[in-house]
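Trainee: Following this message is one structure expressed as structure tokens.
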Amino acid sequence: MPVDSDPVPRLEMRGISKTFPGVKALNDVRLTARGGEVLALMGENGAGKSTLMKILSGAYQADAGGTLLIDGKPVTITDPIAAKRHGISIIYQELALAPNLTVAENIYLGIEPSRHGQVDRPAMRTGCQAVLNRLGAPFTPDTVVGGMSIAEQQLVEIARALHVNSKILVLDEPTTALSSRETDRLFALVRQLRGEGIALIYISHRMAEVYELADRVSVLRDGSYVGTLTREELSAEALVKMMVGRDLSSFYTKTHDPHGSRGSVLLEVRGITDGGRRVRPCSLSLHRGEVLGIAGLVGSGRTELARLIYGADPKTAGDIVLDGQSVVIEAPEDALAVGLAYLTEDRKGLGLFLDLSCGTNINLGVIGRDARTGGILNRTAWRRRADQAFETLRVRAPSPQVTVGSLSGGNQQKVLLSRWLEIGPKVLILDEPTRGVDIGAKSEIYRIIDELAKRDIGVIVISSELPEIIGVCDRVLVMREGQIAGEVGGAGGAPVTQENIMAFGAGIAA
Amino acid sequence: MMQALGMLPVLFILAIAFHYLGDERFLTAQNLSIVAQQAAINTVLGAGMTFVILTGGIDLSVGSILAASAMSALIFSLVPGWGMLGIPAALLTGLGFGLINGSLIAFGKLPPFIVTLGSLTAVRGLARLMGNDATVFNPDLPFAFIGNAAIKIAPGVQIPVLAVIAIVVIVVSWYVLRRTVLGIWIYAVGGNPAAARLSGIKVWRILLFVYSVSGMLAGLGGVMSAARLFAANGLQLGQSYELDAIAAVILGGTSFVGGIGSIWGTLIGALIIAVLSNGLTLVGVSDIWQFIVKGLVIIGAVALDRVRLQSSART
């Protein structure tokens with residue numbers, strides 16, 4: 001562990017407040033980051049992490065009265081360029097690269113070296129290569145960014161930050177879109193940068209990552225600073241308590257009959273495939289009141305399999321039997337018509353209509369069904385369903401009329417989930433149901449899954465988080481390279497444990 | 001609604017300014033009735049355009065469709081004893097072209113800009129062909145009242161039938177967009193087409209609908225135009241009307257990427273354009289300068305709106 005020999009912290013924020021019209025987003029928050037140290041910043045969605053980082057990056061201005069010290073000297077950051085000048089770089093979840101340009105062009109964007117009035121490409125290439133070498137990047141300065149994986153693009157962003165000699169690097173939920181192998185590589189890099197004396201601020205929801213990386217953890221709640229734990233003081237209970245403000249005694253509640261797999265078969269999928277591009281023939285069965293997990297590495301074909309079943313992508317072969325009846329599903333509307341719904345993993349891109357109201361987002365699947373003669377909106381039903389959904393899922397928003405884009409991730413997810421609950425599905429496929437969602441919303445989503453199983457609905461949960469799969473599911477299928485590689489749990493199967501799932505996922509088990 | 005109200009002050013300021021610059025001749029019942037008449041056709045085209053732009057599309061062909069529909073209206077109005085057939089003929093002509101646009105976009109998956117740019121040219125040619133490239137007259141047009149009559153609502157105050165049609169189109173459009181399932185689907189498809197598909201919305205139906213509506217309203221514009229002129233000419237009629245319609249929609253605050261906007265905004269946008277044309281003529285500005293001023297006002301008004309929205313936005 002790097003010893004804190006440096007008495008003056010690299011970054012110190014004190015008494016930071018931020019008021020938006022009608023809302024106090026931050027109230028007297030403090031934060032200290034030291035060179036050669038990873039500070040994890042935790043808090044539920046809406047706790048103020050993003051606002052604080054936006055103040056640091058110059059995107060927002062803090063209210064008067066706060067201080068910001070860099071290397072002990074007070075500075076004011078009025079805009080993103082000033083932040084850059086003070087050596088602050090932030091790598092957001094949504095990467096900000098130009099996909100049509102090369103790595104070198106992206107790194108030098110806006111600071112292109114010139115010679116005789118022309119862009120000095122050789123200098124760009126050399127400078128870029130130097131940074132890439134330092135990071136051990138597996139691509140060249142001439143690679144076009146658009147064709148790269150998310151992990152590689154992230155590396156380009158980090159390279160860009162290092163290239164301008166950033167001393168403070170903020171990583172905002174960097175592993176959300178990474179596979180576990182890519183995550184390992186990112187962690188190695190974070191440790192390397194820590195070794196080089198950079199102050200890292202690491203924002204994450206994932207307890208396991210914080211355990212692995214953080215030297216200290218600062219927690220925000222409802223816009224206020226709660227406290228900081230050192231590595232020695234770190235425990236899951238302490239963190240959760242700080243973040244939520246209460247004990248989470250039963251995080252994974254399972255009150256439904258976990259032996260639902262012995263009930264009658266609800267959904268049977270036989271030999272479904274897209275011709276072998278992403279999904280090779282897969283068969284599975286789901287029982288009434290069962291929570292079936294689908295685990296596997298990112299890219300193993302979990303989402304693709306779900307999309308094939310739902311009719312979102314064309315299948316080349318495969319039969320689906322629902323409730324003993326053979327059904328033809330060629331498009332999502334066919335799936336919905338027979339009571340099969342799918343919650344996408346990409347909430348903002350493929351799920352929500354961010355400019356429409358929460359109520360409309362909730363009602364979107366049923367407005368056709370509820371409509372009066374002639375397709376006229378039934379506004380009474382609209383209001384009733386929206387109010388009910390807000391109450392049962394405890395959506396925190398002023399009213400169903402506000403646009404869903406203004407809510408935090410957890411509340412957005414609850415809105416999207418309730419769209420599918422409203423249609424009254426027989427089978428509900430949930431793809432990464434708690435991605436980017438805070439702990440409070442997580443436990444509520446788990447409660448709802450349990451509730452659905454009790455009502456004899458068949459639930460399929462796709463997740464990258466093994467503790468979630470293990471905590472929520474009765475039986476787990478493990479996918480690898482587009483195929484179902486194995487099954488754990490259920491009658492006579494191996495018990496649902498992390499080791500058993502990993503063994504199938506990595507292809508170690510026979 | 002908020003964006004629509006944003007442009008309302010601009011409309012009032014223009015009206016008051018023209019009133020005083022033009023020797024207090026602008027804000028008179030007679031002149032306002034002329035303004036309403038001038039705004040009517042563009043309002044009808046703008047309503048159709050609003051549907052299309054709300055889905056993230058564009059319809060460049062409305063001016064040409066208007067010309068072809070007006071030709072239909074005139075040709076059928078000459079059928080002895082069945083002159084009123086001109087109205088349905090024009091509406092069906094517009095609907096037909098709209099359906100072709102919509103089919104190419106919904107099923108052929110072609111970009112709306114390209115498809116309607118093509119039909120802008122092709123339909124213009126067809127319109128000329130319909131009258132053998134000559135003007136068709138009908139001095140005894142059976143539906144001339146549409147273009148020339150007015151309804152008396154108070155002593156000295158008359159509303160032209162053209163304006164009544166425009167108001168009806170706006171109200172019906174508002175009802176469809178805000179009070180029907182179809183309206184919500186239109187906003188949904190424009191806001192996030194991928195999510196719309198995954199939500200079970202038949203996106204092709206929505207696209208087919210909006211381009212058909214736009215085509216049919218261009219057909220209605222054709223009827224209005226023919227009724228006013230007692231004549232139609234395939235070459236000149238409706239030239240660059242699509243640009244005025246788009247300008248009305250954009251002035252009304254409807255987002256070019258789709259999913260955000262309101263029909264009331266379009267009405268205000270169309271009125272701003274009509275007030276500008278009428279007011280500038282009244283003040284004695286030459287035709288050439290009218291073009292320049294109109295263009296600059298459109299850019300300026302939208303820029304103002306952006307600034308206002310940005311300053312009021314929280315994030």
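Ordering of the structure tokens sets the chain letters (A, B, ...), residue numbers begin anew at 1 in every chain, and ligands are numbered from 1 in the order given.
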Find the residues of region 168-283 of chain B that sit at most 7 Å from region 15-38 of chain B; for each, write down the nearest two atoms and how far apart they are in Å, to one decimal. Count only C-alpha atoms. Sort by chain, then by number going up, and give it as JSON lines.
Mentor:
{"residue": "B:Ala274", "atom": "CA", "partner": "B:Val35", "partner_atom": "CA", "distance": 6.0}
{"residue": "B:Val275", "atom": "CA", "partner": "B:Val35", "partner_atom": "CA", "distance": 6.4}
{"residue": "B:Asn278", "atom": "CA", "partner": "B:Val35", "partner_atom": "CA", "distance": 6.5}
{"residue": "B:Gly279", "atom": "CA", "partner": "B:Phe18", "partner_atom": "CA", "distance": 5.5}
{"residue": "B:Leu282", "atom": "CA", "partner": "B:Gly22", "partner_atom": "CA", "distance": 5.9}
{"residue": "B:Val283", "atom": "CA", "partner": "B:Gly22", "partner_atom": "CA", "distance": 4.9}
Trainee: Can you tell me, as an mmCIF file with C-alpha atoms, in the first residue's frame, what residues are no more than 9 Å from Ala159 (chain A) when counting only C-alpha atoms, ignoring any on the same chain fewer than 4 positions away?
Mentor:
data_model
loop_
_atom_site.group_PDB
_atom_site.id
_atom_site.type_symbol
_atom_site.label_atom_id
_atom_site.label_comp_id
_atom_site.auth_asym_id
_atom_site.auth_seq_id
_atom_site.Cartn_x
_atom_site.Cartn_y
_atom_site.Cartn_z
ATOM 1 C CA ILE A 107 -5.760 12.315 -28.482
ATOM 2 C CA CYS A 128 0.629 9.288 -29.296
ATOM 3 C CA VAL A 131 1.545 7.414 -24.365
ATOM 4 C CA LEU A 132 0.246 4.151 -25.806
ATOM 5 C CA ARG A 134 3.249 3.718 -21.373
ATOM 6 C CA LEU A 135 -0.229 2.177 -21.142
ATOM 7 C CA GLN A 154 -11.727 3.834 -22.640
ATOM 8 C CA LEU A 155 -8.000 3.297 -22.935
ATOM 9 C CA HIS A 163 -1.053 12.951 -22.728
ATOM 10 C CA VAL A 164 -1.985 16.337 -21.294
#
Trainee: Which residues, written as a list in words, have at least one atom at most 7 Å from region 493-498 of chain A, with only C-alpha atoms counted and residues fewer than 5 positions away on the same chain left out?
Mentor: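 Contacts, with the query itself left out: Leu466, Ile470, Glu487 and Val488 of chain A.
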Trainee: Could you save those same residues with C-alpha atoms as a CSV table (one decimal), in the first residue's frame?
Mentor:
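New file out_24.csv:
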chain,number,residue,atom,x,y,z
A,466,LEU,CA,-22.7,-13.2,-9.9
A,470,ILE,CA,-26.9,-16.4,-6.9
A,487,GLU,CA,-26.8,-25.6,-15.7
A,488,VAL,CA,-26.5,-25.2,-12.0
Trainee: Restricting the calculation to only C-alpha atoms, which member of A:Leu364, A:Ala137, A:Ile16, A:Val328 is positioned closest to chain B?
Mentor: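 Ranked by minimum distance to chain B, first place goes to A:Leu364.
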Trainee: Using only C-alpha atoms, can you tell me which of B:Phe12, B:Trp264, B:Phe145, B:Phe230 comes closest to Ile250 (chain B)?
Mentor: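 Of all the options, B:Trp264 lies closest to Ile250 (chain B).
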Trainee: Between chain A and chain B, at 6 Å or less, what are the per-residue closest atom pairs and their distances in Å? Count only C-alpha atoms, order by chain and rising residue number, and return it as CSV.
Mentor:
residue,atom,partner,partner_atom,distance
A:Pro332,CA,B:Gly200,CA,5.1
A:Glu333,CA,B:Gly200,CA,4.0
A:Leu350,CA,B:Ala195,CA,4.3
A:Gly351,CA,B:Ala195,CA,5.0
A:Phe353,CA,B:Asn192,CA,5.9
A:Gly375,CA,B:Val181,CA,5.6
A:Ile376,CA,B:Thr180,CA,4.2
A:Leu377,CA,B:Thr180,CA,4.7
Trainee: Okay, now the selection with C-alpha atoms, as a PDB file, in the first residue's frame?
Mentor:
ATOM      1  CA  PRO A 332     -41.539  -7.808 -30.433  1.00  0.00           C
ATOM      2  CA  GLU A 333     -45.245  -7.111 -30.899  1.00  0.00           C
ATOM      3  CA  LEU A 350     -33.306   0.903 -26.273  1.00  0.00           C
ATOM      4  CA  GLY A 351     -35.722   1.236 -23.394  1.00  0.00           C
ATOM      5  CA  PHE A 353     -38.324   7.604 -24.238  1.00  0.00           C
ATOM      6  CA  GLY A 375     -57.923   4.902 -30.444  1.00  0.00           C
ATOM      7  CA  ILE A 376     -58.672   7.746 -28.080  1.00  0.00           C
ATOM      8  CA  LEU A 377     -56.448   7.838 -25.019  1.00  0.00           C
TER       9      LEU A 377
END
Trainee: Hey, which of A:Leu266, A:Ile423, A:Ile168, A:Ala64 ends up closest to Ala337 (chain A)? Count only C-alpha atoms.
Mentor: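 Of the candidates, the smallest distance to Ala337 (chain A) is held by A:Ile423.
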Trainee: Might you pull out every residue within 8 Å of Ser283 (chain A), with only C-alpha atoms counted and same-chain residues fewer than 5 positions away left off, and present them as a PyMOL selection string?
Mentor: chain A and resi 268-272+484
Trainee: Going by DSSP on the backbone, which residues of region 433-500 of chain A come out as strand (DSSP E)? List them as a ChimeraX atom specification.
Mentor: /A:458-462,475-480,483-489
Trainee: Show which residues sit within 12 Å of region 112-114 of chain B, as a list in words. Count only C-alpha atoms, and ignore same-chain residues fewer than 6 positions away.
Mentor: Val52, Ile53, Thr55, Gly56, Gly57, Ile58, Asp59, Leu60, Ser61, Gly98, Ile100, Asn101, Gly102, Ser103, Leu104, Ile105, Ala106, Leu120, Thr121, Leu207, Leu208, Val210 and Tyr211 of chain B
Trainee: Please produce a file of the residues just selected, as a compact mmCIF listing (two decimals), in the first residue's frame, where the atoms kept are N, CA and C atoms.
Mentor:
# COMPACT_ATOMS: atom_id res chain seq x y z
N VAL B 52 -44.59 14.82 -39.56
CA VAL B 52 -43.41 14.17 -40.14
C VAL B 52 -42.17 14.46 -39.31
N ILE B 53 -41.98 15.74 -38.96
CA ILE B 53 -40.76 16.11 -38.23
C ILE B 53 -40.78 15.53 -36.82
N THR B 55 -41.56 12.62 -36.09
CA THR B 55 -40.98 11.28 -36.15
C THR B 55 -39.51 11.33 -36.54
N GLY B 56 -38.97 12.53 -36.63
CA GLY B 56 -37.56 12.65 -37.00
C GLY B 56 -37.34 12.68 -38.50
N GLY B 57 -38.41 12.81 -39.28
CA GLY B 57 -38.29 12.81 -40.73
C GLY B 57 -38.41 14.21 -41.31
N ILE B 58 -38.61 14.27 -42.62
CA ILE B 58 -38.78 15.55 -43.31
C ILE B 58 -39.58 15.25 -44.58
N ASP B 59 -40.40 16.19 -45.00
CA ASP B 59 -41.14 16.01 -46.26
C ASP B 59 -40.90 17.22 -47.15
N LEU B 60 -39.99 17.05 -48.10
CA LEU B 60 -39.65 18.15 -49.00
C LEU B 60 -40.61 18.25 -50.18
N SER B 61 -41.52 17.28 -50.30
CA SER B 61 -42.31 17.20 -51.53
C SER B 61 -43.65 17.93 -51.44
N GLY B 98 -48.38 10.85 -50.77
CA GLY B 98 -47.92 10.66 -49.40
C GLY B 98 -47.68 9.20 -49.09
N ILE B 100 -46.92 6.88 -51.22
CA ILE B 100 -45.72 6.42 -51.92
C ILE B 100 -44.47 6.83 -51.12
N ASN B 101 -44.42 8.10 -50.70
CA ASN B 101 -43.31 8.54 -49.85
C ASN B 101 -43.18 7.65 -48.63
N GLY B 102 -44.31 7.47 -47.94
CA GLY B 102 -44.31 6.70 -46.70
C GLY B 102 -43.87 5.26 -46.91
N SER B 103 -44.34 4.64 -48.00
CA SER B 103 -43.97 3.24 -48.26
C SER B 103 -42.48 3.11 -48.49
N LEU B 104 -41.93 4.03 -49.28
CA LEU B 104 -40.49 3.96 -49.57
C LEU B 104 -39.68 4.12 -48.28
N ILE B 105 -40.17 4.99 -47.39
CA ILE B 105 -39.44 5.25 -46.14
C ILE B 105 -39.66 4.12 -45.14
N ALA B 106 -40.91 3.65 -45.01
CA ALA B 106 -41.21 2.63 -44.00
C ALA B 106 -40.73 1.24 -44.42
N LEU B 120 -40.05 15.54 -54.68
CA LEU B 120 -40.14 16.98 -54.95
C LEU B 120 -39.98 17.24 -56.45
N THR B 121 -39.00 16.58 -57.04
CA THR B 121 -38.72 16.78 -58.46
C THR B 121 -39.71 16.02 -59.33
N LEU B 207 -44.85 5.56 -39.63
CA LEU B 207 -44.21 6.31 -40.71
C LEU B 207 -45.16 6.46 -41.89
N LEU B 208 -45.83 5.35 -42.23
CA LEU B 208 -46.78 5.41 -43.34
C LEU B 208 -47.86 6.46 -43.04
N VAL B 210 -47.73 9.20 -41.01
CA VAL B 210 -47.35 10.62 -41.00
C VAL B 210 -47.10 11.14 -42.42
N TYR B 211 -46.49 10.32 -43.29
CA TYR B 211 -46.26 10.81 -44.65
C TYR B 211 -47.57 10.89 -45.43
Trainee: Assign secondary structure with DSSP using the backbone only, and return the residues of region 233-287 of chain B in helix (DSSP H, G or I) as a PyMOL selection string.
Mentor: chain B and resi 241-251+263-283+287
Trainee: Pick out the residues sitting within 12 Å of region 147-152 of chain A, and hand them over as number ranges by chain; count only C-alpha atoms, and ignore anything fewer than 6 positions along from it in its own chain.
Mentor: A: 93-103, 132, 135-140, 158-159, 174-187, 189, 298-299
Trainee: Counting only C-alpha atoms, what is within 7 Å of Thr43 (chain B), bar same-chain residues fewer than 4 positions away, as an mmCIF file with N, CA and C atoms, in the first residue's frame?
Mentor:
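Output file result_27.cif is given in full below:
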data_model
loop_
_atom_site.group_PDB
_atom_site.id
_atom_site.type_symbol
_atom_site.label_atom_id
_atom_site.label_comp_id
_atom_site.auth_asym_id
_atom_site.auth_seq_id
_atom_site.Cartn_x
_atom_site.Cartn_y
_atom_site.Cartn_z
ATOM 1 N N ALA B 39 -51.810 33.075 -44.215
ATOM 2 C CA ALA B 39 -51.180 32.062 -43.375
ATOM 3 C C ALA B 39 -51.821 30.689 -43.548
ATOM 4 N N ALA B 47 -48.869 21.812 -40.553
ATOM 5 C CA ALA B 47 -49.450 20.790 -39.671
ATOM 6 C C ALA B 47 -48.978 19.404 -40.110
ATOM 7 N N ALA B 166 -57.836 26.080 -41.838
ATOM 8 C CA ALA B 166 -56.541 25.956 -41.165
ATOM 9 C C ALA B 166 -56.730 25.696 -39.677
ATOM 10 N N LEU B 267 -48.578 26.603 -35.590
ATOM 11 C CA LEU B 267 -49.543 27.660 -35.925
ATOM 12 C C LEU B 267 -48.898 29.032 -35.732
ATOM 13 N N ALA B 270 -46.342 29.676 -38.439
ATOM 14 C CA ALA B 270 -46.938 30.046 -39.726
ATOM 15 C C ALA B 270 -47.450 31.481 -39.679
#
Trainee: Just to confirm, what's the straight-line distance from CA of Leu193 (chain A) to CA of Ser166 (chain A) in Å (one decimal)?
Mentor: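 Separation between CA of Leu193 (chain A) and CA of Ser166 (chain A): 10.8 Å.
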Trainee: Restricting the calculation to only C-alpha atoms: of B:Asn42, B:Ile186, B:Ala149, B:Ser119, which residue gets closest to Gly258 (chain B)?
Mentor: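 Residue with the minimum atom-to-atom distance to Gly258 (chain B): B:Ile186.
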